[in-house]
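Enquirer: Provided below: entry-v1.csv, containing CSV, C-alpha atoms and all ligand atoms.
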chain,number,residue,atom,x,y,z
C,26,MET,CA,-28.7,-3.2,-11.9
C,27,SER,CA,-28.7,0.3,-10.4
C,28,ALA,CA,-26.6,3.1,-11.9
C,29,PRO,CA,-23.0,3.2,-10.6
C,30,PHE,CA,-22.1,5.6,-7.8
C,31,LEU,CA,-19.0,6.6,-9.7
C,32,VAL,CA,-17.8,6.2,-13.2
C,33,ALA,CA,-14.2,6.7,-14.3
C,34,LYS,CA,-13.7,7.2,-18.0
C,35,GLY,CA,-10.3,7.2,-19.8
C,36,ILE,CA,-8.4,8.3,-16.7
C,37,VAL,CA,-4.8,9.2,-17.5
C,38,LYS,CA,-2.1,10.3,-15.1
C,39,ARG,CA,1.4,11.4,-16.0
C,40,PHE,CA,4.2,12.3,-13.6
C,41,GLY,CA,6.6,14.1,-15.9
C,42,ALA,CA,7.7,11.6,-18.5
C,43,LEU,CA,6.2,8.6,-16.6
C,44,THR,CA,2.6,7.5,-17.5
C,45,ALA,CA,1.3,6.0,-14.3
C,46,LEU,CA,-2.2,5.4,-15.7
C,47,SER,CA,-3.4,5.1,-19.2
C,48,GLY,CA,-7.1,5.2,-20.1
C,49,ILE,CA,-8.6,3.6,-17.0
C,50,ASP,CA,-12.4,2.9,-17.4
C,51,LEU,CA,-14.1,1.7,-14.2
C,52,GLU,CA,-17.5,1.7,-12.6
C,53,ILE,CA,-17.9,1.7,-8.8
C,54,ARG,CA,-21.3,0.5,-7.5
C,55,SER,CA,-23.0,1.1,-4.2
C,56,GLY,CA,-23.4,-2.0,-2.1
C,57,GLU,CA,-20.4,-3.6,-3.7
C,58,VAL,CA,-16.9,-4.4,-2.7
C,59,LEU,CA,-14.6,-3.8,-5.7
C,60,ALA,CA,-11.0,-4.9,-5.3
C,61,LEU,CA,-8.1,-3.4,-7.2
C,62,LEU,CA,-5.3,-5.8,-7.7
C,63,GLY,CA,-1.9,-5.5,-9.4
C,64,ASP,CA,1.8,-5.6,-8.9
C,65,ASN,CA,3.7,-2.9,-7.2
C,66,GLY,CA,3.8,0.2,-9.4
C,67,ALA,CA,0.7,-0.9,-11.4
C,68,GLY,CA,-1.1,2.3,-10.6
C,69,LYS,CA,-3.6,1.3,-8.0
C,70,SER,CA,-2.7,4.0,-5.4
C,71,THR,CA,-2.5,6.7,-8.1
C,72,PHE,CA,-5.9,5.8,-9.3
C,73,VAL,CA,-7.6,5.9,-5.9
C,74,LYS,CA,-5.7,9.2,-5.1
C,75,ILE,CA,-7.4,10.7,-8.1
C,76,LEU,CA,-10.8,9.5,-6.9
C,77,ALA,CA,-9.9,10.9,-3.5
C,78,GLY,CA,-9.0,14.3,-4.9
C,79,ALA,CA,-5.4,14.0,-3.9
C,80,HIS,CA,-4.1,14.0,-7.5
C,81,ALA,CA,-5.7,15.7,-10.5
C,82,PRO,CA,-6.0,13.4,-13.6
C,83,SER,CA,-4.0,14.4,-16.6
C,84,ASP,CA,-6.9,13.4,-18.8
C,85,GLY,CA,-10.3,11.6,-18.5
C,86,ASP,CA,-13.6,12.1,-16.6
C,87,ILE,CA,-15.1,11.2,-13.3
C,88,LEU,CA,-18.8,11.1,-12.8
C,89,VAL,CA,-20.4,10.9,-9.4
C,90,GLU,CA,-24.0,9.8,-9.4
C,91,GLY,CA,-24.1,10.7,-13.1
C,92,SER,CA,-22.6,14.2,-12.9
C,93,PRO,CA,-19.1,15.1,-13.9
C,94,VAL,CA,-16.9,16.2,-11.0
C,95,MET,CA,-13.5,17.9,-10.8
C,96,PHE,CA,-11.9,17.5,-7.4
C,97,SER,CA,-9.2,20.0,-6.6
C,98,SER,CA,-8.6,18.7,-3.0
C,99,PRO,CA,-9.5,15.7,-0.8
C,100,LYS,CA,-12.1,18.0,0.8
C,101,ASP,CA,-13.9,18.2,-2.6
C,102,ALA,CA,-14.0,14.5,-2.8
C,103,ALA,CA,-15.2,14.2,0.8
C,104,SER,CA,-18.1,16.6,0.1
C,105,ALA,CA,-19.0,14.3,-2.8
C,106,GLY,CA,-19.2,11.4,-0.3
C,107,ILE,CA,-15.8,9.8,-1.0
C,108,ALA,CA,-13.7,8.9,2.0
C,109,THR,CA,-10.3,7.3,1.8
C,110,ILE,CA,-8.6,5.3,4.5
C,111,PHE,CA,-4.9,5.2,3.9
C,112,GLN,CA,-2.5,2.9,5.7
C,113,GLU,CA,-1.2,5.8,7.7
C,114,LEU,CA,-4.6,6.4,9.3
C,115,ALA,CA,-4.3,10.1,10.4
C,116,LEU,CA,-5.9,9.4,13.8
C,117,SER,CA,-4.8,11.2,16.9
C,118,GLU,CA,-3.3,8.7,19.4
C,119,ASN,CA,-4.0,10.8,22.5
C,120,LEU,CA,-7.6,11.5,21.7
C,121,SER,CA,-10.5,9.2,22.4
C,122,ILE,CA,-12.3,7.1,19.8
C,123,SER,CA,-15.3,9.4,19.8
C,124,GLU,CA,-13.1,12.6,19.6
C,125,ASN,CA,-11.3,11.1,16.6
C,126,VAL,CA,-14.6,10.2,14.9
C,127,PHE,CA,-15.9,13.7,15.4
C,128,LEU,CA,-12.5,15.5,14.9
C,129,GLY,CA,-13.1,18.9,13.2
C,130,ARG,CA,-16.9,18.5,13.2
C,131,GLU,CA,-17.8,18.3,16.9
C,132,LEU,CA,-21.4,18.6,17.9
C,133,LYS,CA,-21.8,21.8,19.9
C,134,ARG,CA,-24.6,23.6,21.7
C,135,SER,CA,-24.5,27.2,22.8
C,136,ILE,CA,-25.6,28.2,26.3
C,137,PHE,CA,-25.7,31.9,26.9
C,138,GLY,CA,-23.5,32.3,23.9
C,139,ILE,CA,-20.9,29.9,25.3
C,140,PRO,CA,-20.3,26.8,23.1
C,141,PHE,CA,-20.4,23.5,24.8
C,142,LEU,CA,-19.5,20.1,23.3
C,143,ARG,CA,-22.4,17.7,23.1
C,144,ARG,CA,-20.3,14.9,24.5
C,145,GLN,CA,-23.1,12.6,25.4
C,146,GLU,CA,-24.6,12.8,22.0
C,147,MET,CA,-21.3,12.2,20.2
C,148,ARG,CA,-20.5,9.2,22.5
C,149,LYS,CA,-23.9,7.7,21.7
C,150,ARG,CA,-23.5,8.1,18.0
C,151,VAL,CA,-20.0,6.6,18.0
C,152,ASP,CA,-21.2,3.7,20.2
C,153,GLY,CA,-24.0,3.1,17.7
C,154,LEU,CA,-21.5,3.0,14.8
C,155,LEU,CA,-19.1,0.7,16.7
C,156,THR,CA,-22.0,-1.7,17.5
C,157,GLU,CA,-23.4,-1.6,14.0
C,158,LEU,CA,-20.0,-2.5,12.6
C,159,ASP,CA,-19.8,-5.2,15.2
C,160,THR,CA,-16.3,-4.1,16.2
C,161,HIS,CA,-16.4,-5.4,19.8
C,162,ILE,CA,-15.1,-2.1,21.0
C,163,SER,CA,-17.1,-1.2,24.1
C,164,ASP,CA,-15.8,2.1,25.2
C,165,PRO,CA,-15.9,5.1,22.8
C,166,GLU,CA,-13.9,7.0,25.4
C,167,ALA,CA,-10.9,4.8,25.1
C,168,PRO,CA,-7.8,6.6,23.7
C,169,VAL,CA,-7.0,5.5,20.2
C,170,GLY,CA,-3.4,4.9,21.3
C,171,SER,CA,-4.6,1.9,23.3
C,172,LEU,CA,-6.2,0.2,20.3
C,173,SER,CA,-4.8,-2.5,18.0
C,174,GLY,CA,-4.2,-2.0,14.3
C,175,GLY,CA,-7.5,-3.6,13.3
C,176,GLN,CA,-9.5,-1.5,15.9
C,177,ARG,CA,-7.9,1.6,14.5
C,178,GLN,CA,-9.1,0.7,11.0
C,179,ALA,CA,-12.6,0.3,12.6
C,180,VAL,CA,-12.3,3.9,14.1
C,181,ALA,CA,-11.2,5.2,10.7
C,182,ILE,CA,-14.2,3.5,9.1
C,183,CYS,CA,-16.6,5.0,11.8
C,184,ARG,CA,-15.1,8.4,11.0
C,185,ALA,CA,-15.9,7.9,7.3
C,186,LEU,CA,-19.4,6.8,8.0
C,187,ASN,CA,-20.0,9.7,10.4
C,188,LEU,CA,-19.1,11.9,7.4
C,189,ASN,CA,-21.8,10.1,5.4
C,190,ALA,CA,-19.4,8.6,3.0
C,191,LYS,CA,-21.0,6.8,0.1
C,192,LEU,CA,-17.7,5.4,-1.2
C,193,VAL,CA,-15.1,4.2,1.2
C,194,ILE,CA,-11.6,3.5,-0.4
C,195,MET,CA,-9.2,1.4,1.5
C,196,ASP,CA,-5.6,1.2,0.3
C,197,GLU,CA,-3.8,-1.8,1.7
C,198,PRO,CA,-5.8,-1.7,5.0
C,199,THR,CA,-4.5,-5.0,6.2
C,200,ALA,CA,-0.9,-4.8,5.2
C,201,ALA,CA,0.4,-4.3,8.7
C,202,LEU,CA,-2.2,-6.5,10.5
C,203,ALA,CA,-2.0,-9.9,12.1
C,204,VAL,CA,-4.3,-12.7,10.7
C,205,ALA,CA,-7.1,-12.3,13.2
C,206,GLU,CA,-7.1,-8.5,12.8
C,207,THR,CA,-7.1,-8.9,9.0
C,208,ARG,CA,-10.3,-11.0,9.2
C,209,LYS,CA,-12.0,-8.4,11.2
C,210,VAL,CA,-11.1,-5.6,8.8
C,211,LEU,CA,-12.2,-7.7,5.8
C,212,SER,CA,-15.6,-8.4,7.5
C,213,LEU,CA,-15.9,-4.6,8.0
C,214,THR,CA,-15.6,-4.1,4.3
C,215,ARG,CA,-18.5,-6.5,3.8
C,216,ARG,CA,-20.6,-4.7,6.4
C,217,LEU,CA,-20.0,-1.4,4.7
C,218,ALA,CA,-21.2,-2.8,1.5
C,219,GLU,CA,-24.3,-4.3,3.2
C,220,ARG,CA,-24.9,-0.8,4.6
C,221,GLY,CA,-25.2,0.4,1.0
C,222,CYS,CA,-21.7,1.9,0.7
C,223,ALA,CA,-19.5,1.4,-2.3
C,224,VAL,CA,-16.2,0.0,-1.2
C,225,VAL,CA,-12.9,0.0,-3.1
C,226,LEU,CA,-10.3,-2.3,-1.5
C,227,ILE,CA,-6.7,-2.5,-2.5
C,228,SER,CA,-4.9,-5.5,-1.2
C,229,HIS,CA,-1.9,-7.7,-2.0
C,230,ASN,CA,-3.5,-10.7,-0.5
C,231,ILE,CA,-5.3,-12.5,-3.3
C,232,ALA,CA,-7.0,-15.0,-1.0
C,233,ASP,CA,-8.4,-12.2,1.2
C,234,VAL,CA,-9.6,-10.3,-1.8
C,235,VAL,CA,-11.3,-13.3,-3.5
C,236,GLU,CA,-13.1,-13.9,-0.2
C,237,VAL,CA,-14.7,-10.4,0.2
C,238,ALA,CA,-14.8,-8.7,-3.2
C,239,ASP,CA,-17.8,-8.9,-5.4
C,240,ARG,CA,-15.8,-7.7,-8.3
C,241,MET,CA,-12.1,-7.4,-9.1
C,242,ALA,CA,-10.2,-5.2,-11.4
C,243,VAL,CA,-6.6,-6.0,-12.3
C,244,PHE,CA,-4.2,-3.2,-13.0
C,245,ARG,CA,-0.9,-3.8,-14.9
C,246,ARG,CA,1.6,-1.2,-15.9
C,247,GLY,CA,-1.0,1.6,-15.6
C,248,ARG,CA,-3.7,-0.2,-17.5
C,249,LYS,CA,-6.8,-2.1,-16.4
C,250,VAL,CA,-6.2,-5.4,-18.0
C,251,ALA,CA,-9.1,-7.4,-16.6
C,252,GLU,CA,-12.3,-7.3,-14.6
C,253,ARG,CA,-13.9,-10.3,-13.0
C,254,LEU,CA,-16.9,-11.1,-10.9
C,255,ARG,CA,-16.0,-13.2,-7.9
C,256,ALA,CA,-18.2,-16.1,-9.1
C,257,GLY,CA,-16.4,-16.1,-12.5
C,258,THR,CA,-12.8,-16.4,-11.3
C,259,ASN,CA,-10.4,-18.1,-8.9
C,260,PRO,CA,-7.1,-17.1,-7.2
C,261,GLU,CA,-5.0,-18.9,-9.9
C,262,GLU,CA,-6.6,-16.9,-12.7
C,263,ILE,CA,-6.2,-13.6,-10.8
C,264,VAL,CA,-2.5,-14.4,-10.3
C,265,SER,CA,-2.0,-15.0,-14.0
C,266,LEU,CA,-3.8,-11.7,-14.8
C,267,ILE,CA,-1.5,-9.9,-12.4
C,268,THR,CA,1.7,-11.4,-13.8
C,269,GLY,CA,0.6,-11.1,-17.4
C,270,ALA,CA,0.8,-14.9,-18.0
C,271,HIS,CA,-3.0,-15.0,-18.8
C,272,PRO,CA,-3.7,-15.3,-22.5
C,273,ASP,CA,-6.2,-12.3,-22.4
C,274,VAL,CA,-3.4,-10.1,-21.0
C,275,ARG,CA,-0.8,-11.4,-23.4
C,276,ALA,CA,-3.2,-10.6,-26.3
C,277,LEU,CA,-3.9,-7.2,-24.9
C,278,GLU,CA,-0.3,-6.4,-24.5
C,279,LYS,CA,0.6,-7.6,-27.9
C,280,THR,CA,-1.8,-5.1,-29.5
C,281,ASN,CA,-0.6,-2.1,-27.4
P,1,LIG,N1,3.9,11.4,-6.8
P,1,LIG,C1,4.5,10.6,-7.7
P,1,LIG,N2,5.5,11.2,-8.5
P,1,LIG,C2,6.0,10.5,-9.5
P,1,LIG,N3,5.8,9.2,-9.8
P,1,LIG,C3,4.8,8.6,-9.0
P,1,LIG,C4,4.1,9.3,-8.0
P,1,LIG,N4,3.2,8.4,-7.4
P,1,LIG,C5,3.4,7.3,-8.1
P,1,LIG,N5,4.3,7.4,-9.0
P,1,LIG,C6,4.7,6.3,-10.0
P,1,LIG,O1,3.5,5.8,-10.6
P,1,LIG,C7,3.5,4.4,-10.8
P,1,LIG,C8,2.3,3.8,-10.1
P,1,LIG,O2,2.5,3.9,-8.7
P,1,LIG,P1,1.4,3.5,-7.7
P,1,LIG,O3,0.1,4.1,-8.1
P,1,LIG,O4,1.9,3.8,-6.3
P,1,LIG,O5,1.3,1.9,-7.8
P,1,LIG,P2,0.7,0.8,-6.9
P,1,LIG,O6,-0.2,1.4,-5.9
P,1,LIG,O7,-0.1,-0.1,-7.8
P,1,LIG,O8,1.8,0.0,-6.3
P,1,LIG,C9,4.8,3.9,-10.2
P,1,LIG,O9,5.7,3.9,-11.3
P,1,LIG,C10,5.2,5.0,-9.3
P,1,LIG,O10,6.6,5.1,-9.1
P,2,MG,MG,0.0,1.4,-3.7
Let's see the structure in the file written out as structure tokens.

Expert:
Amino acid sequence: MSAPFLVAKGIVKRFGALTALSGIDLEIRSGEVLALLGDNGAGKSTFVKILAGAHAPSDGDILVEGSPVMFSSPKDAASAGIATIFQELALSENLSISENVFLGRELKRSIFGIPFLRRQEMRKRVDGLLTELDTHISDPEAPVGSLSGGQRQAVAICRALNLNAKLVIMDEPTAALAVAETRKVLSLTRRLAERGCAVVLISHNIADVVEVADRMAVFRRGRKVAERLRAGTNPEEIVSLITGAHPDVRALEKTN
């Protein structure tokens, strides 16, 4: 097995008197969809916000491709190849798909010192990404405001890929989507992994997760209480790990 893209060691996060995360160890691998599961308040979002540079850990280490990193902003995490897609997608409704994908890093050429946007080239690149992800979106010039929730997720993923993301983190990407749209976003996560990306997926829907994740980590009260390969578990076991009814979790919680 190849070295993990990212290793988190002993991650602790305190918010004042509250310990949101205590000693999280986790490895994130390229080409793999890793799901984070757990009840509300278990610490999933806090953990991925640390990976995304949005929160600084109170303790612990993060290694990216073997080297320790210290992110002081989401920009730092982005330069390390980490893209996060939150539920609030941060897309501009009135701009086109390709403008959104290239927002802030437009391709330009200078003619007699006057900068011109390389629209054709940007459109082509976005069209390629949309096709590669099998999104069934045919017009990169369509305004994002005209797209469905699932299509917007696809645009956010294209944006991440255009930034050469090596790890794409998705926090509850399907929470607001209808069933058919959810299917499409789930298959996008698979395609990202096939493309060699590492994917971290947070979802409430255990059936969905069991379908697409290669590996699952269960968080409970700020701790990682279990990790399972898809082949080695089933939805019933995952539920019992989340609720704490599972004997492994009970044993763990007795000793803490
Ligand atoms: N910015 C914050 N300030 C204070 N407490 C927070 C903050 N963010 C999260 N928490 C707390 O940390 C715990 C974990 O929250 P969170 O990571 O959002 O859980 P999850 O995503 O698993 O539902 C909760 O008790 C939550 O109230
Ligand atoms: Mg959350």

Enquirer: If you count all atoms listed in the file, which residues end up within 7 Å of ligand LIG 1 (chain P), as a list in words?

Expert: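 Listed by chain and ascending number, the contacts are Phe40, Leu43, Ala45, Gly63, Asp64, Asn65, Gly66, Ala67, Gly68, Lys69, Ser70, Thr71, Phe72 and Gly247 of chain C.
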
Enquirer: Pull the neighbourhood of (-11.9, -9.4, -15.6) for me: all residues within 9 Å in file coordinates, counting all atoms listed in the file, as a VMD selection string.

Expert: chain C and resid 240 to 243 249 to 254 257 to 258 263 266

Enquirer: Using all atoms listed in the file, which residue out of C:Phe111, C:Val180, C:Asp152, C:Ser171 lies closest to ligand MG 2 (chain P)?

Expert: C:Phe111

Enquirer: Could you tell me which of C:Gly41, C:Ala185, C:Ile122, C:Ala60 comes closest to Phe244 in chain C if we count only C-alpha atoms?

Expert: C:Ala60

Enquirer: My list of candidates is C:Asn259, C:Ser121, C:Thr160, C:Ser228. Which is closest to ligand MG 2 (chain P) when distances are computed with all atoms listed in the file?

Expert: C:Ser228

Enquirer: Report the distance between CA of Ile107 in chain C and CA of Lys38 in chain C in Å, rounded to one decimal place.

Expert: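 It comes out at 19.7 Å.
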
Enquirer: Name all residues at most 7 Å from range 153-158 of chain C (count all atoms listed in the file; drop same-chain ones fewer than 5 positions away) and give them as JSON, numbers by chain.

Expert: {"C": [183, 213, 216]}

Enquirer: Report the closest atom pair, with its distance in Å rounded to one decimal, for each residue of range 53-141 of chain C that has an atom no farther than 9 Å from range 187-198 of chain C; count all atoms listed in the file, sort by chain and then rising residue number, and write it as JSON lines.

Expert:
{"residue": "C:Ile53", "atom": "CA", "partner": "C:Leu192", "partner_atom": "CA", "distance": 8.5}
{"residue": "C:Arg54", "atom": "CA", "partner": "C:Leu192", "partner_atom": "CA", "distance": 8.8}
{"residue": "C:Ser55", "atom": "CA", "partner": "C:Lys191", "partner_atom": "CA", "distance": 7.4}
{"residue": "C:Lys69", "atom": "CA", "partner": "C:Asp196", "partner_atom": "CA", "distance": 8.5}
{"residue": "C:Ser70", "atom": "CA", "partner": "C:Asp196", "partner_atom": "CA", "distance": 7.0}
{"residue": "C:Val73", "atom": "CA", "partner": "C:Ile194", "partner_atom": "CA", "distance": 7.2}
{"residue": "C:Leu76", "atom": "CA", "partner": "C:Ile194", "partner_atom": "CA", "distance": 8.9}
{"residue": "C:Ala77", "atom": "CA", "partner": "C:Ile194", "partner_atom": "CA", "distance": 8.2}
{"residue": "C:Ala103", "atom": "CA", "partner": "C:Ala190", "partner_atom": "CA", "distance": 7.3}
{"residue": "C:Ser104", "atom": "CA", "partner": "C:Ala190", "partner_atom": "CA", "distance": 8.6}
{"residue": "C:Ala105", "atom": "CA", "partner": "C:Ala190", "partner_atom": "CA", "distance": 8.1}
{"residue": "C:Gly106", "atom": "CA", "partner": "C:Ala190", "partner_atom": "CA", "distance": 4.3}
{"residue": "C:Ile107", "atom": "CA", "partner": "C:Leu192", "partner_atom": "CA", "distance": 4.8}
{"residue": "C:Ala108", "atom": "CA", "partner": "C:Val193", "partner_atom": "CA", "distance": 5.0}
{"residue": "C:Thr109", "atom": "CA", "partner": "C:Ile194", "partner_atom": "CA", "distance": 4.6}
{"residue": "C:Ile110", "atom": "CA", "partner": "C:Met195", "partner_atom": "CA", "distance": 5.0}
{"residue": "C:Phe111", "atom": "CA", "partner": "C:Asp196", "partner_atom": "CA", "distance": 5.4}
{"residue": "C:Gln112", "atom": "CA", "partner": "C:Pro198", "partner_atom": "CA", "distance": 5.7}
{"residue": "C:Val126", "atom": "CA", "partner": "C:Asn187", "partner_atom": "CA", "distance": 7.0}
{"residue": "C:Phe127", "atom": "CA", "partner": "C:Asn187", "partner_atom": "CA", "distance": 7.6}

Enquirer: C:Ala167, C:Ile136, C:Leu61, C:Ile36: which is nearest ligand MG 2 (chain P), counting all atoms listed in the file?

Expert: C:Leu61

Enquirer: Could you check which of C:Ala28, C:Ser173, C:Lys209, C:Lys74 is closest to ligand MG 2 (chain P), using only C-alpha atoms and all ligand atoms?

Expert: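 Ranked by minimum distance to ligand MG 2 (chain P), first place goes to C:Lys74.
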
Enquirer: Quick one: residues within 10 Å of Arg255 in chain C, all atoms listed in the file counted, chain neighbours fewer than 4 positions away excluded, as a tab-separated table (two decimals) with C-alpha atoms, in the coordinates of the input?

Expert:
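The file below, selection_6.tsv, is the result:
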chain	number	residue	atom	x	y	z
C	59	LEU	CA	-14.60	-3.80	-5.70
C	234	VAL	CA	-9.60	-10.30	-1.80
C	235	VAL	CA	-11.30	-13.30	-3.50
C	236	GLU	CA	-13.10	-13.90	-0.20
C	237	VAL	CA	-14.70	-10.40	0.20
C	238	ALA	CA	-14.80	-8.70	-3.20
C	239	ASP	CA	-17.80	-8.90	-5.40
C	240	ARG	CA	-15.80	-7.70	-8.30
C	241	MET	CA	-12.10	-7.40	-9.10
C	259	ASN	CA	-10.40	-18.10	-8.90
C	260	PRO	CA	-7.10	-17.10	-7.20

Enquirer: So what do you get for CA of Gln145 in chain C versus CA of Leu217 in chain C, distance-wise?

Expert: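 Result for CA of Gln145 in chain C versus CA of Leu217 in chain C: 25.2 Å, one decimal.
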
Enquirer: So which residues touch Leu116 in chain C within 10 Å, counting all atoms listed in the file, skipping near sequence neighbours fewer than 4 positions away, as a PyMOL selection string?

Expert: chain C and resi 120-122+124-126+128+169-170+177-178+180-181+184

Enquirer: May I have the selected residues written with C-alpha atoms, as an mmCIF file, in the coordinates of the input?

Expert:
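What landed in part38.cif:
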data_model
loop_
_atom_site.group_PDB
_atom_site.id
_atom_site.type_symbol
_atom_site.label_atom_id
_atom_site.label_comp_id
_atom_site.auth_asym_id
_atom_site.auth_seq_id
_atom_site.Cartn_x
_atom_site.Cartn_y
_atom_site.Cartn_z
ATOM 1 C CA LEU C 120 -7.600 11.500 21.700
ATOM 2 C CA SER C 121 -10.500 9.200 22.400
ATOM 3 C CA ILE C 122 -12.300 7.100 19.800
ATOM 4 C CA GLU C 124 -13.100 12.600 19.600
ATOM 5 C CA ASN C 125 -11.300 11.100 16.600
ATOM 6 C CA VAL C 126 -14.600 10.200 14.900
ATOM 7 C CA LEU C 128 -12.500 15.500 14.900
ATOM 8 C CA VAL C 169 -7.000 5.500 20.200
ATOM 9 C CA GLY C 170 -3.400 4.900 21.300
ATOM 10 C CA ARG C 177 -7.900 1.600 14.500
ATOM 11 C CA GLN C 178 -9.100 0.700 11.000
ATOM 12 C CA VAL C 180 -12.300 3.900 14.100
ATOM 13 C CA ALA C 181 -11.200 5.200 10.700
ATOM 14 C CA ARG C 184 -15.100 8.400 11.000
#

Enquirer: For a quick check of understanding, using all atoms listed in the file, which of C:Arg215, C:Lys34, C:Arg150, C:Arg39 has the smallest distance to Val94 in chain C?

Expert: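 Distance minimum relative to Val94 in chain C lands on C:Lys34.
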
Enquirer: Name the residues in contact with Arg208 in chain C at a cut-off of 9 Å, using all atoms listed in the file, excluding same-chain residues fewer than 3 positions from it; report them as an MDAnalysis selection string.

Expert: chainID C and resid 175 199 203:205 211:213 233

Enquirer: Hey, can you check how far CA of Ser123 in chain C sits from CA of Phe96 in chain C?

Expert: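 Separation of CA of Ser123 in chain C and CA of Phe96 in chain C: 28.6 Å.
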